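Asks: Pasting entry16.txt here (compact mmCIF, C-alpha atoms):
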# COMPACT_ATOMS: atom_id res chain seq x y z
CA MET F 1 -29.13 -74.35 -120.66
CA ALA F 2 -31.09 -77.59 -120.73
CA GLY F 3 -31.11 -79.36 -124.07
CA PRO F 4 -33.27 -81.92 -125.85
CA ARG F 5 -31.51 -84.93 -124.34
CA ASP F 6 -32.50 -83.99 -120.78
CA GLY F 7 -36.03 -82.87 -121.57
CA GLY F 8 -35.40 -79.17 -121.01
CA ASP F 9 -37.07 -78.26 -124.31
CA GLY F 10 -40.14 -80.39 -123.65
CA GLY F 11 -38.77 -83.30 -125.71
CA THR F 12 -37.66 -86.63 -124.28
CA PRO F 13 -37.72 -86.32 -120.48
CA PRO F 14 -35.11 -87.53 -118.00
CA VAL F 15 -35.30 -91.20 -117.06
CA ILE F 16 -34.56 -90.79 -113.35
CA ASP F 17 -37.76 -90.16 -111.39
CA ALA F 18 -36.51 -87.15 -109.43
CA ALA F 19 -35.37 -85.34 -112.56
CA PHE F 20 -38.57 -86.38 -114.31
CA ALA F 21 -40.60 -84.79 -111.49
CA ARG F 22 -38.75 -81.51 -112.02
CA TRP F 23 -39.28 -81.76 -115.78
CA LEU F 24 -43.00 -82.34 -115.33
CA ALA F 25 -43.45 -79.49 -112.87
CA ASP F 26 -41.51 -77.08 -115.07
CA ARG F 27 -43.52 -78.01 -118.17
CA ALA F 28 -46.82 -77.51 -116.36
CA GLY F 29 -45.51 -74.21 -115.01
CA GLN F 30 -44.68 -72.96 -118.49
CA ALA F 31 -48.17 -73.94 -119.66
CA LEU F 32 -49.65 -71.92 -116.80
CA LEU F 33 -47.59 -68.85 -117.70
CA ALA F 34 -48.90 -69.18 -121.25
CA VAL F 35 -52.50 -69.34 -120.02
CA ARG F 36 -51.96 -66.17 -117.96
CA GLU F 37 -50.43 -64.39 -120.95
CA GLU F 38 -53.19 -65.44 -123.30
CA MET F 39 -56.21 -64.76 -121.07
CA GLY F 40 -55.19 -61.80 -118.96
CA TYR F 41 -56.86 -61.04 -115.63
CA ALA F 42 -60.25 -59.57 -116.54
CA ASP F 43 -62.11 -62.76 -115.55
CA PRO F 44 -60.35 -64.31 -112.54
CA GLN F 45 -62.67 -67.31 -112.31
CA ALA F 46 -62.22 -68.20 -115.96
CA LEU F 47 -58.45 -67.82 -115.57
CA LYS F 48 -58.40 -70.14 -112.54
CA SER F 49 -60.43 -72.78 -114.37
CA ALA F 50 -58.33 -72.57 -117.52
CA GLY F 51 -55.11 -72.83 -115.52
CA ASP F 52 -56.26 -75.83 -113.52
CA ARG F 53 -57.41 -77.58 -116.69
CA ALA F 54 -54.30 -76.84 -118.76
CA ALA F 55 -51.83 -77.99 -116.09
CA HIS F 56 -53.86 -81.06 -115.16
CA GLU F 57 -54.20 -82.20 -118.76
CA LEU F 58 -50.49 -81.70 -119.42
CA LEU F 59 -49.47 -83.69 -116.33
CA ARG F 60 -51.93 -86.48 -117.04
CA THR F 61 -50.86 -86.68 -120.70
CA GLU F 62 -47.14 -86.81 -119.95
CA LEU F 63 -47.55 -89.32 -117.12
CA ALA F 64 -49.65 -91.57 -119.37
CA ARG F 65 -46.98 -91.30 -122.06
CA TRP F 66 -43.81 -91.69 -120.00
CA ARG F 67 -44.97 -93.58 -116.88
CA PRO F 68 -47.97 -95.59 -118.17
CA ALA F 69 -47.73 -98.29 -115.49
CA ASP F 70 -47.89 -95.80 -112.61
CA ALA F 71 -51.04 -94.65 -110.82
CA VAL F 72 -51.89 -90.96 -110.41
CA LEU F 73 -53.70 -88.91 -107.78
CA SER F 74 -54.39 -85.37 -109.01
CA GLU F 75 -56.44 -82.69 -107.31
CA GLU F 76 -58.34 -82.22 -110.56
CA ASP F 77 -59.32 -85.89 -110.96
CA ASP F 78 -63.01 -86.71 -110.66
CA HIS F 79 -63.75 -88.03 -107.17
CA ALA F 80 -60.19 -87.24 -106.01
CA ARG F 81 -61.46 -86.20 -102.57
CA VAL F 82 -63.62 -89.28 -102.01
CA ALA F 83 -62.41 -91.57 -99.22
CA TRP F 84 -62.64 -95.31 -99.86
CA GLN F 85 -63.59 -97.46 -96.88
CA GLU F 86 -63.05 -101.14 -96.18
CA GLY F 87 -66.21 -103.06 -96.92
CA GLU F 88 -67.14 -100.95 -99.93
CA PRO F 89 -67.27 -102.70 -103.32
CA ALA F 90 -63.84 -103.51 -104.69
CA THR F 91 -64.91 -101.90 -107.96
CA LEU F 92 -64.97 -98.54 -106.15
CA ARG F 93 -61.47 -98.97 -104.71
CA PRO F 94 -59.10 -96.46 -106.33
CA GLU F 95 -56.46 -98.11 -108.51
CA ARG F 96 -53.72 -96.23 -106.69
CA LEU F 97 -54.33 -98.13 -103.43
CA GLY F 98 -53.05 -101.32 -105.03
CA ALA F 99 -50.21 -99.64 -106.90
CA SER F 100 -46.55 -99.62 -105.90
CA ARG F 101 -45.89 -96.27 -107.59
CA VAL F 102 -48.27 -93.29 -107.37
CA TRP F 103 -47.73 -89.77 -108.68
CA ILE F 104 -49.40 -87.24 -106.37
CA VAL F 105 -49.86 -83.93 -108.18
CA ASP F 106 -51.43 -80.54 -107.67
CA PRO F 107 -51.55 -78.95 -111.12
CA LEU F 108 -52.04 -75.44 -109.69
CA ASP F 109 -51.53 -74.72 -106.01
CA GLY F 110 -52.61 -71.18 -105.20
CA THR F 111 -55.34 -70.54 -107.78
CA ARG F 112 -56.30 -67.24 -106.13
CA GLU F 113 -52.77 -65.90 -106.50
CA PHE F 114 -52.50 -67.27 -110.05
CA SER F 115 -55.54 -65.19 -111.05
CA GLU F 116 -54.14 -61.93 -109.62
CA GLN F 117 -51.84 -59.86 -111.80
CA GLY F 118 -48.35 -59.45 -110.41
CA ARG F 119 -48.56 -62.25 -107.84
CA THR F 120 -45.85 -64.90 -107.96
CA ASP F 121 -46.80 -67.05 -104.95
CA TRP F 122 -48.41 -69.98 -106.78
CA ALA F 123 -46.92 -73.31 -107.75
CA VAL F 124 -47.09 -76.73 -109.42
CA HIS F 125 -46.59 -79.81 -107.22
CA VAL F 126 -45.34 -83.15 -108.54
CA ALA F 127 -44.45 -85.98 -106.14
CA LEU F 128 -43.87 -89.71 -106.45
CA TRP F 129 -44.87 -92.12 -103.68
CA THR F 130 -43.47 -95.64 -103.89
CA ALA F 131 -44.29 -98.58 -101.64
CA ASP F 132 -40.63 -99.58 -101.31
CA SER F 133 -39.10 -96.11 -100.92
CA SER F 134 -36.61 -95.60 -98.10
CA SER F 135 -37.15 -91.83 -98.26
CA PRO F 136 -39.19 -90.12 -95.54
CA PHE F 137 -42.94 -90.77 -95.90
CA ARG F 138 -42.14 -93.03 -98.90
CA LEU F 139 -41.89 -89.93 -101.08
CA ALA F 140 -39.29 -91.04 -103.61
CA ALA F 141 -39.27 -87.81 -105.62
CA GLY F 142 -40.76 -84.35 -105.54
CA ALA F 143 -40.65 -81.00 -107.31
CA VAL F 144 -42.28 -77.64 -106.65
CA ALA F 145 -42.18 -75.26 -109.60
CA MET F 146 -42.82 -71.57 -108.96
CA PRO F 147 -42.93 -70.38 -112.58
CA ALA F 148 -43.59 -66.70 -111.93
CA GLN F 149 -40.51 -66.68 -109.68
CA HIS F 150 -38.44 -68.58 -112.28
CA ARG F 151 -37.61 -71.08 -109.55
CA THR F 152 -38.04 -74.80 -108.94
CA VAL F 153 -37.01 -76.78 -105.86
CA ALA F 154 -36.77 -80.53 -106.29
CA THR F 155 -35.29 -83.70 -104.84
CA ASP F 156 -32.97 -84.31 -107.79
CA ALA F 157 -30.77 -81.50 -106.44
CA PRO F 158 -32.01 -80.72 -102.92
CA PRO F 159 -31.29 -77.19 -101.71
CA ALA F 160 -28.81 -76.74 -98.89
CA TYR F 161 -30.17 -76.77 -95.34
CA PRO F 162 -31.30 -73.21 -94.55
CA PRO F 163 -28.95 -71.26 -92.29
CA MET F 164 -30.23 -70.09 -88.93
CA PRO F 165 -31.16 -66.42 -89.36
CA LEU F 166 -29.33 -63.89 -87.20
CA SER F 167 -32.63 -62.90 -85.57
CA ALA F 168 -33.20 -66.48 -84.37
CA ALA F 169 -29.63 -66.82 -83.13
CA THR F 170 -30.07 -63.69 -81.02
CA GLY F 171 -33.50 -64.63 -79.67
CA GLY F 172 -35.57 -62.76 -82.25
CA ALA F 173 -39.03 -63.66 -83.48
CA ILE F 174 -39.65 -66.91 -85.37
CA ARG F 175 -41.14 -66.26 -88.81
CA ILE F 176 -44.13 -68.48 -89.61
CA ALA F 177 -45.40 -68.61 -93.19
CA ALA F 178 -49.18 -68.16 -93.10
CA SER F 179 -52.10 -67.72 -95.44
CA ARG F 180 -52.40 -64.15 -96.62
CA THR F 181 -56.20 -64.33 -96.85
CA ARG F 182 -57.37 -66.81 -94.19
CA PRO F 183 -54.76 -67.69 -91.54
CA PRO F 184 -56.28 -70.21 -89.11
CA ALA F 185 -57.13 -68.64 -85.75
CA PHE F 186 -54.98 -71.16 -83.92
CA VAL F 187 -51.90 -70.07 -85.91
CA THR F 188 -52.46 -66.48 -84.79
CA ALA F 189 -52.77 -67.68 -81.19
CA LEU F 190 -49.65 -69.82 -81.60
CA ALA F 191 -47.69 -66.84 -82.92
CA GLU F 192 -48.77 -64.70 -79.97
CA ASP F 193 -47.82 -67.49 -77.54
CA ILE F 194 -44.26 -67.93 -78.80
CA GLY F 195 -43.66 -64.37 -80.00
CA ALA F 196 -43.57 -65.32 -83.67
CA GLU F 197 -44.11 -63.13 -86.71
CA LEU F 198 -46.64 -64.24 -89.34
CA VAL F 199 -45.37 -63.88 -92.92
CA PRO F 200 -48.35 -63.88 -95.32
CA MET F 201 -48.13 -65.61 -98.70
CA GLY F 202 -50.20 -67.90 -100.96
CA SER F 203 -49.73 -71.54 -102.04
CA ALA F 204 -48.71 -74.17 -99.49
CA GLY F 205 -45.86 -75.10 -101.82
CA VAL F 206 -44.56 -71.53 -101.82
CA LYS F 207 -44.80 -71.38 -98.02
CA ILE F 208 -42.79 -74.56 -97.57
CA ALA F 209 -40.33 -73.37 -100.22
CA ALA F 210 -39.87 -70.23 -98.09
CA VAL F 211 -38.87 -72.45 -95.16
CA ILE F 212 -36.51 -74.39 -97.43
CA SER F 213 -34.83 -71.18 -98.58
CA GLY F 214 -34.65 -69.69 -95.08
CA ASP F 215 -37.09 -66.85 -95.84
CA ALA F 216 -39.37 -68.30 -93.14
CA ASP F 217 -38.58 -70.48 -90.16
CA ALA F 218 -41.72 -72.63 -90.15
CA TYR F 219 -45.00 -73.41 -91.87
CA VAL F 220 -47.88 -74.59 -89.71
CA HIS F 221 -51.26 -75.53 -91.12
CA ALA F 222 -54.42 -77.09 -89.72
CA GLY F 223 -57.17 -75.66 -91.91
CA GLY F 224 -57.78 -78.79 -93.98
CA GLN F 225 -55.65 -80.03 -96.86
CA TYR F 226 -55.24 -83.09 -99.07
CA GLU F 227 -52.22 -85.19 -99.96
CA TRP F 228 -51.49 -83.21 -103.13
CA ASP F 229 -51.20 -79.97 -101.14
CA SER F 230 -48.12 -81.16 -99.27
CA ALA F 231 -46.57 -84.26 -100.89
CA ALA F 232 -44.18 -82.50 -103.27
CA PRO F 233 -43.01 -79.70 -100.96
CA VAL F 234 -42.67 -82.14 -98.03
CA ALA F 235 -40.54 -84.41 -100.24
CA VAL F 236 -38.17 -81.53 -100.98
CA ALA F 237 -38.17 -80.24 -97.41
CA SER F 238 -37.33 -83.73 -96.11
CA ALA F 239 -34.55 -84.15 -98.68
CA THR F 240 -33.16 -80.83 -97.46
CA GLY F 241 -33.10 -82.13 -93.88
CA LEU F 242 -35.99 -80.13 -92.44
CA HIS F 243 -38.53 -81.46 -89.94
CA ALA F 244 -41.97 -82.40 -91.29
CA SER F 245 -44.84 -84.01 -89.37
CA ARG F 246 -48.48 -83.72 -88.39
CA ILE F 247 -49.07 -80.94 -85.87
CA ASP F 248 -49.32 -83.53 -83.07
CA GLY F 249 -45.86 -84.80 -84.04
CA SER F 250 -47.08 -87.98 -85.74
CA GLU F 251 -45.88 -89.16 -89.13
CA LEU F 252 -47.26 -87.86 -92.42
CA LYS F 253 -48.74 -90.66 -94.54
CA TYR F 254 -49.47 -90.60 -98.26
CA ASN F 255 -51.44 -92.73 -100.72
CA GLN F 256 -54.07 -93.40 -98.08
CA ALA F 257 -57.65 -94.56 -98.64
CA ASN F 258 -58.74 -91.14 -97.40
CA PRO F 259 -56.61 -88.56 -99.25
CA LYS F 260 -57.38 -85.85 -96.71
CA LEU F 261 -54.25 -84.81 -94.81
CA PRO F 262 -55.54 -81.82 -92.88
CA ASP F 263 -52.53 -80.55 -90.98
CA LEU F 264 -48.75 -80.37 -90.96
CA VAL F 265 -45.74 -78.50 -89.66
CA VAL F 266 -42.49 -77.96 -91.56
CA CYS F 267 -39.62 -76.21 -89.83
CA ARG F 268 -35.92 -76.22 -89.04
CA LYS F 269 -35.09 -79.18 -86.82
CA ASP F 270 -33.88 -76.96 -83.98
CA LEU F 271 -37.33 -75.37 -83.79
CA ALA F 272 -39.38 -78.57 -83.90
CA PRO F 273 -39.45 -79.39 -80.16
CA ARG F 274 -40.47 -75.83 -79.23
CA LEU F 275 -43.12 -75.58 -81.95
CA LEU F 276 -44.63 -79.00 -81.30
CA ALA F 277 -44.83 -78.31 -77.57
CA ALA F 278 -46.56 -74.97 -78.18
CA LEU F 279 -48.90 -76.59 -80.69
CA GLN F 280 -50.18 -78.95 -77.99
CA ARG F 281 -51.56 -75.85 -76.25
CA HIS F 282 -53.31 -74.60 -79.37
CA LEU F 283 -54.48 -77.67 -81.27
CA PRO F 284 -57.74 -76.79 -83.04
When written as structure tokens, how does the structure in this file appear?

Replies:
Amino acid sequence: MAGPRDGGDGGTPPVIDAAFARWLADRAGQALLAVREEMGYADPQALKSAGDRAAHELLRTELARWRPADAVLSEEDDHARVAWQEGEPATLRPERLGASRVWIVDPLDGTREFSEQGRTDWAVHVALWTADSSSPFRLAAGAVAMPAQHRTVATDAPPAYPPMPLSAATGGAIRIAASRTRPPAFVTALAEDIGAELVPMGSAGVKIAAVISGDADAYVHAGGQYEWDSAAPVAVASATGLHASRIDGSELKYNQANPKLPDLVVCRKDLAPRLLAALQRHLP
């Protein structure tokens, strides 16, 4: 059991960034469980708003306390989705673009699922981008907490590479994690093309965690996302040894002037060539 020295009780957090990311995500996750317990599910919209606010404020407070020199990009920040363009006044340029260390966080990924009783497919994302990182995509640390599943995956102790499922080894259907409420049409067409099975679930973080654990073979998305939707789970997936890229095969980039990062694919490396080739036939 974690003790006060390592931050497990919410006291002094770990010094190492990767462990600190896990600590932050877990703390925000516990706050979200408390919000669910306190409010119940009678008013889903109020529950969503309260959860977003509670997790965002906790992450912002702890980052300001323990990493005061670092910049932060949170989904719940004012103007988080605004793209800065060269030529605009320097006073409008986000501080993070000149920073060497930027925490990219999604306080509550999967708000719909969070507001539904019994659902566990929602998450907290905490990632650290550093200008000098040698890690893939310059993501130096990442953690995805899935509090209702009592599970966190993080780069401080990356999970083992997922084993190839027996179905794949014998030519069975590839399992693609997909939105349970609004799977993009091109993903359905892709699945039909390659004979894949769509596995519905919420939260992008939970979907990528399913690929990490081997419960799905791939996650493909092109419906529009931002950096905070994928930074933390991509950091963990990359640390595990999985393939991650844009759906055209190009590199994922974070801490950009435009925080929109609309598409990605995460999968086992043996599947990447086949998936990327099929995606060229179905790019939206």

Asks: Report as a tab-separated table the residues of range 144-206 of chain F within 8 Å of range 222-242 of chain F, each with its shortest atom pair and distance in Å (one decimal), using all atoms listed in the file, ordered by chain and increasing residue number.

Replies:
residue	atom	partner	partner_atom	distance
F:Val144	CA	F:Pro233	CA	6.1
F:Val153	CA	F:Val236	CA	6.9
F:Ala154	CA	F:Val236	CA	5.6
F:Thr155	CA	F:Val236	CA	5.3
F:Pro158	CA	F:Thr240	CA	5.6
F:Pro159	CA	F:Thr240	CA	5.9
F:Ala160	CA	F:Thr240	CA	6.1
F:Tyr161	CA	F:Thr240	CA	5.5
F:Pro184	CA	F:Gly223	CA	6.2
F:Ala204	CA	F:Asp229	CA	6.5
F:Gly205	CA	F:Pro233	CA	5.5

Asks: For the point (-49.0, -68.5, -86.6) in the file's frame, write as a VMD selection string all residues with an atom no more than 9 Å away, counting only C-alpha atoms.

Replies: chain F and resid 175 to 178 183 to 192 196 to 199 219 to 221

Asks: Could you check the closest approach to Ala140 in chain F for each of F:Leu92, F:Leu271, F:Val102, F:Leu128 and tell me which residue wins, using only C-alpha atoms?

Replies: F:Leu128

Asks: Please identify all polymer residues within 9 Å of Lys48 in chain F, counting only C-alpha atoms, omitting same-chain residues fewer than 3 positions from it, and present them as a short mmCIF file (atom, residue, chain, number, x, y, z; two decimals) with C-alpha atoms, in the coordinates of the input.

Replies:
data_model
loop_
_atom_site.label_atom_id
_atom_site.label_comp_id
_atom_site.auth_asym_id
_atom_site.auth_seq_id
_atom_site.Cartn_x
_atom_site.Cartn_y
_atom_site.Cartn_z
CA ASP F 43 -62.11 -62.76 -115.55
CA PRO F 44 -60.35 -64.31 -112.54
CA GLN F 45 -62.67 -67.31 -112.31
CA GLY F 51 -55.11 -72.83 -115.52
CA ASP F 52 -56.26 -75.83 -113.52
CA ARG F 53 -57.41 -77.58 -116.69
CA LEU F 108 -52.04 -75.44 -109.69
CA THR F 111 -55.34 -70.54 -107.78
CA ARG F 112 -56.30 -67.24 -106.13
CA PHE F 114 -52.50 -67.27 -110.05
CA SER F 115 -55.54 -65.19 -111.05
#

Asks: Give me, as a PyMOL selection string, all polymer residues having an atom no more than 10 Å from Ala131 in chain F, counting only C-alpha atoms and skipping those fewer than 3 positions away in the same chain.

Replies: chain F and resi 98-102+134+137-140+255

Asks: From the set F:Ala145, F:Ile174, F:Ala18, F:Leu59, which residue has the shortest atom-to-atom contact distance to Ser74 in chain F, counting only C-alpha atoms?

Replies: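 Among F:Ala145, F:Ile174, F:Ala18, F:Leu59, it is F:Leu59 that comes nearest to Ser74 in chain F.
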
Asks: For CA of Tyr254 in chain F and CA of Ala127 in chain F, determine how far apart the two atoms are, in Å to one decimal place.

Replies: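 We find that CA of Tyr254 in chain F and CA of Ala127 in chain F lie 10.4 Å from each other.
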
Asks: Looking at all atoms listed in the file, which of F:Ala21, F:Leu33, F:Ile194, F:Met201 is the one that sits closest to Leu275 in chain F?

Replies: F:Ile194

Asks: Measure the distance from CA of Arg96 in chain F to CA of Ile16 in chain F in Å and round it to one decimal.

Replies: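 Answer for the CA of Arg96 in chain F to CA of Ile16 in chain F separation: 21.0 Å.
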
Asks: Of the candidates F:Pro163, F:Pro136, F:Pro200, F:Pro107, which shows the shortest atom-to-atom distance to Gly29 in chain F, using all atoms listed in the file?

Replies: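 Nearest candidate to Gly29 in chain F out of F:Pro163, F:Pro136, F:Pro200, F:Pro107: F:Pro107.
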
Asks: Any chance you could tabulate, as JSON lines, the residues of range 202-264 of chain F at most 8 Å from range 81-86 of chain F with each one's nearest atom pair and distance in Å to one decimal, using only C-alpha atoms, in chain and rising number order?

Replies:
{"residue": "F:Tyr226", "atom": "CA", "partner": "F:Arg81", "partner_atom": "CA", "distance": 7.8}
{"residue": "F:Ala257", "atom": "CA", "partner": "F:Trp84", "partner_atom": "CA", "distance": 5.2}
{"residue": "F:Asn258", "atom": "CA", "partner": "F:Ala83", "partner_atom": "CA", "distance": 4.1}
{"residue": "F:Pro259", "atom": "CA", "partner": "F:Arg81", "partner_atom": "CA", "distance": 6.3}
{"residue": "F:Lys260", "atom": "CA", "partner": "F:Arg81", "partner_atom": "CA", "distance": 7.1}

Asks: State, in Å with one decimal place, the distance from CA of Ala277 in chain F to CA of Ile247 in chain F.

Replies: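 Atom-to-atom, CA of Ala277 in chain F to CA of Ile247 in chain F, that is 9.7 Å.
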
Asks: Would you mind telling me which residue in F:Arg119, F:Arg180, F:His125, F:Arg93 lies nearest to Arg27 in chain F when using only C-alpha atoms?

Replies: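 Distance minimum relative to Arg27 in chain F lands on F:His125.
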
Asks: When you count all atoms listed in the file, which of these residues is closest to Gln256 in chain F: F:Ile104, F:Leu24, F:Leu47, F:Ala141?

Replies: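 Ranked by minimum distance to Gln256 in chain F, first place goes to F:Ile104.
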
Asks: Every residue with an atom at most 6 Å from (-38.9, -72.9, -91.5) (file coordinates; all atoms listed in the file) is what I'm after, so could you write them as a list in words?

Replies: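 Those residues, ordered by chain and then number, are Val211, Ala216, Asp217, Ala218, Cys267 and Arg268 of chain F.
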
Asks: Find the axis-aligned box for range 86-99 of chain F, covering all its listed atoms and adding 3 Å on each side, and write its centre and edge lengths in Å to one decimal as JSON.

Replies:
{"center_x": -58.7, "center_y": -99.9, "center_z": -102.3, "size_x": 23.1, "size_y": 13.3, "size_z": 18.3}
